[in-house]
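The file protein-v9.cif contains mmCIF, C-alpha atoms and all ligand atoms:
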```cif
data_entry
#
loop_
_atom_site.label_atom_id
_atom_site.label_comp_id
_atom_site.auth_asym_id
_atom_site.auth_seq_id
_atom_site.Cartn_x
_atom_site.Cartn_y
_atom_site.Cartn_z
CA MET A 14 -1.62 14.33 -12.41
CA LEU A 15 -4.81 13.59 -14.30
CA CYS A 16 -5.76 10.04 -15.21
CA PRO A 17 -4.32 9.06 -18.63
CA PHE A 18 -7.71 7.82 -19.84
CA THR A 19 -8.01 5.44 -22.75
CA LEU A 20 -11.20 4.17 -24.36
CA VAL A 21 -11.94 0.57 -23.45
CA ALA A 22 -15.17 -0.87 -24.87
CA GLY A 23 -16.51 2.69 -25.30
CA LEU A 24 -15.81 3.73 -21.72
CA TRP A 25 -12.96 5.95 -20.53
CA THR A 26 -10.68 3.81 -18.41
CA CYS A 27 -7.53 4.75 -16.53
CA PRO A 28 -4.92 2.02 -16.91
CA GLN A 29 -3.00 3.53 -13.99
CA CYS A 30 -5.57 3.44 -11.16
CA GLY A 31 -8.22 1.30 -12.86
CA TYR A 32 -10.95 3.95 -12.65
CA VAL A 33 -13.72 3.56 -15.25
CA TYR A 34 -15.94 6.54 -16.08
CA PRO A 35 -19.42 4.98 -15.96
CA ARG A 36 -20.96 7.00 -18.82
CA PRO A 37 -20.07 7.15 -22.51
CA SER A 38 -18.51 10.50 -23.36
CA ASP A 39 -16.82 12.13 -26.37
CA LYS A 40 -14.09 13.63 -24.24
CA PRO A 41 -12.13 11.94 -21.45
CA PRO A 42 -13.22 12.99 -17.95
CA ARG A 43 -10.86 14.98 -15.76
CA LYS A 44 -9.90 13.13 -12.64
CA ASN A 45 -6.84 13.33 -10.46
CA CYS A 46 -5.22 9.93 -10.63
CA SER A 47 -4.81 8.32 -7.24
CA LYS A 48 -1.94 6.18 -8.51
CA ALA A 49 -0.01 8.99 -10.19
CA PRO A 50 3.70 8.44 -9.75
CA SER A 51 5.74 11.09 -7.98
CA ARG A 52 7.97 13.16 -10.20
CA GLY A 53 10.74 13.35 -7.67
CA LEU A 54 11.75 13.50 -4.03
CA GLY A 55 10.10 16.89 -3.59
CA ASP A 56 6.70 15.39 -4.42
CA THR A 57 7.23 12.62 -1.90
CA ILE A 58 8.15 15.14 0.79
CA ALA A 59 5.08 17.19 -0.13
CA LYS A 60 2.93 14.08 0.30
CA VAL A 61 4.55 13.33 3.65
CA THR A 62 4.15 16.89 4.94
CA ARG A 63 0.52 16.91 3.80
CA PHE A 64 0.03 13.59 5.59
CA PHE A 65 1.27 15.17 8.83
CA GLY A 66 -0.95 18.20 8.28
CA ILE A 67 1.87 20.67 7.66
CA LYS A 68 0.72 23.53 5.47
CA SER A 69 3.01 24.16 2.53
CA CYS A 70 4.19 27.68 1.84
CA GLY A 71 5.88 29.41 -1.08
CA GLY A 72 9.29 28.33 0.19
CA CYS A 73 8.13 24.71 0.39
CA LYS A 74 6.98 24.85 -3.24
CA LYS A 75 10.39 26.13 -4.29
CA ARG A 76 12.10 23.44 -2.24
CA GLN A 77 9.77 20.84 -3.76
CA ALA A 78 10.68 21.91 -7.30
CA MET A 79 14.36 22.01 -6.43
CA LEU A 80 14.29 18.53 -4.88
CA ASN A 81 12.43 17.20 -7.92
CA ARG A 82 15.22 18.56 -10.11
CA LEU A 83 17.98 17.22 -7.88
CA PHE A 84 16.43 13.82 -7.22
CA PRO A 85 14.17 12.95 -10.16
CA TYR A 86 12.55 9.56 -10.13
CA ARG A 87 13.21 7.63 -13.29
CA GLN A 88 10.10 7.02 -15.36
CA ASN A 89 9.05 3.39 -15.53
CA SER A 90 11.20 2.59 -12.55
CA PRO A 91 11.66 -1.16 -12.11
CA ILE A 92 11.20 -0.71 -8.37
CA PRO A 93 7.54 -0.62 -7.33
CA ASN A 94 6.55 1.75 -4.52
CA ALA A 95 9.59 3.94 -5.00
CA ASP A 96 7.73 6.42 -2.77
CA ASP A 97 8.34 4.16 0.21
CA LYS A 98 12.08 4.54 -0.05
CA LEU A 99 12.94 7.77 1.72
CA GLU A 100 16.62 7.33 2.47
ZN ZN B 1 -6.14 7.11 -12.78
#
```
Show me this structure written as structure tokens.
Ligand SMILES: [Zn+2]
Amino acid sequence: MLCPFTLVAGLWTCPQCGYVYPRPSDKPPRKNCSKAPSRGLGDTIAKVTRFFGIKSCGGCKKRQAMLNRLFPYRQNSPIPNADDKLE
């Protein structure tokens, strides 16, 4: 997910990860947000498998999408670090 930049004092700032683009610009910069929340369990599993160096394949992508549909994370979850809960 890209940073949801907003203009703060003329500089594009990401409220999610705190990144500030150091130059004034008409258009927001494109940057993958490091604090982007996972959309669902499939994303968490993808992160975990990437962490362990497992290459994802077409089947994994399908499984990831399916798991995201089956186990979506609620937006604005009151629980921080929902990614840590893998049960
Ligand atoms: Zn960000």
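Using all atoms listed in the file as the basis for the distance check, residues found within 9 Å of ligand ZN 1 (chain B) are Met14, Leu15, Cys16, Pro17, Phe18, Thr26, Cys27, Pro28, Gln29, Cys30, Gly31, Tyr32, Val33, Lys44, Asn45, Cys46, Ser47, Lys48 and Ala49 of chain A.
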field: Nearest candidate to Arg52 (chain A) (options A:Leu83, A:Leu20, A:Phe65, A:Ser38; using all atoms listed in the file)
entry: A:Leu83
task: Could you give me, as a PyMOL selection string, the residues within 7 Å of region 23-25 of chain A, counting all atoms listed in the file and dropping anything in the same chain fewer than 4 positions from it?
output: chain A and resi 18-19+33-37+41
- prompt: What does the distance from CA of Pro42 (chain A) to CA of Asp56 (chain A) come to in Å, to one decimal?
  reply: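 Going from CA of Pro42 (chain A) over to CA of Asp56 (chain A), I get 24.2 Å.
For the pair CA of Gln77 (chain A) and CA of Ala59 (chain A), the separation is 7.0 Å.
Of note, CA of Arg87 (chain A) and CA of Gly66 (chain A) are spaced 27.9 Å apart.
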Report, as JSON, the axis-aligned box around all atoms of region 19-32 of chain A present in the file, extended by 3 Å on each side; give centre and edge lengths in Å to one decimal place.
```
{"center_x": -9.8, "center_y": 2.5, "center_z": -18.2, "size_x": 19.5, "size_y": 12.8, "size_z": 20.1}
```
task: Find the spatial neighbours of Arg82 (chain A), counting all atoms listed in the file, within a cut-off of 10 Å - ignore same-chain residues fewer than 3 positions away - and output them as a PyMOL selection string.
output: chain A and resi 52-55+76-79+85-86
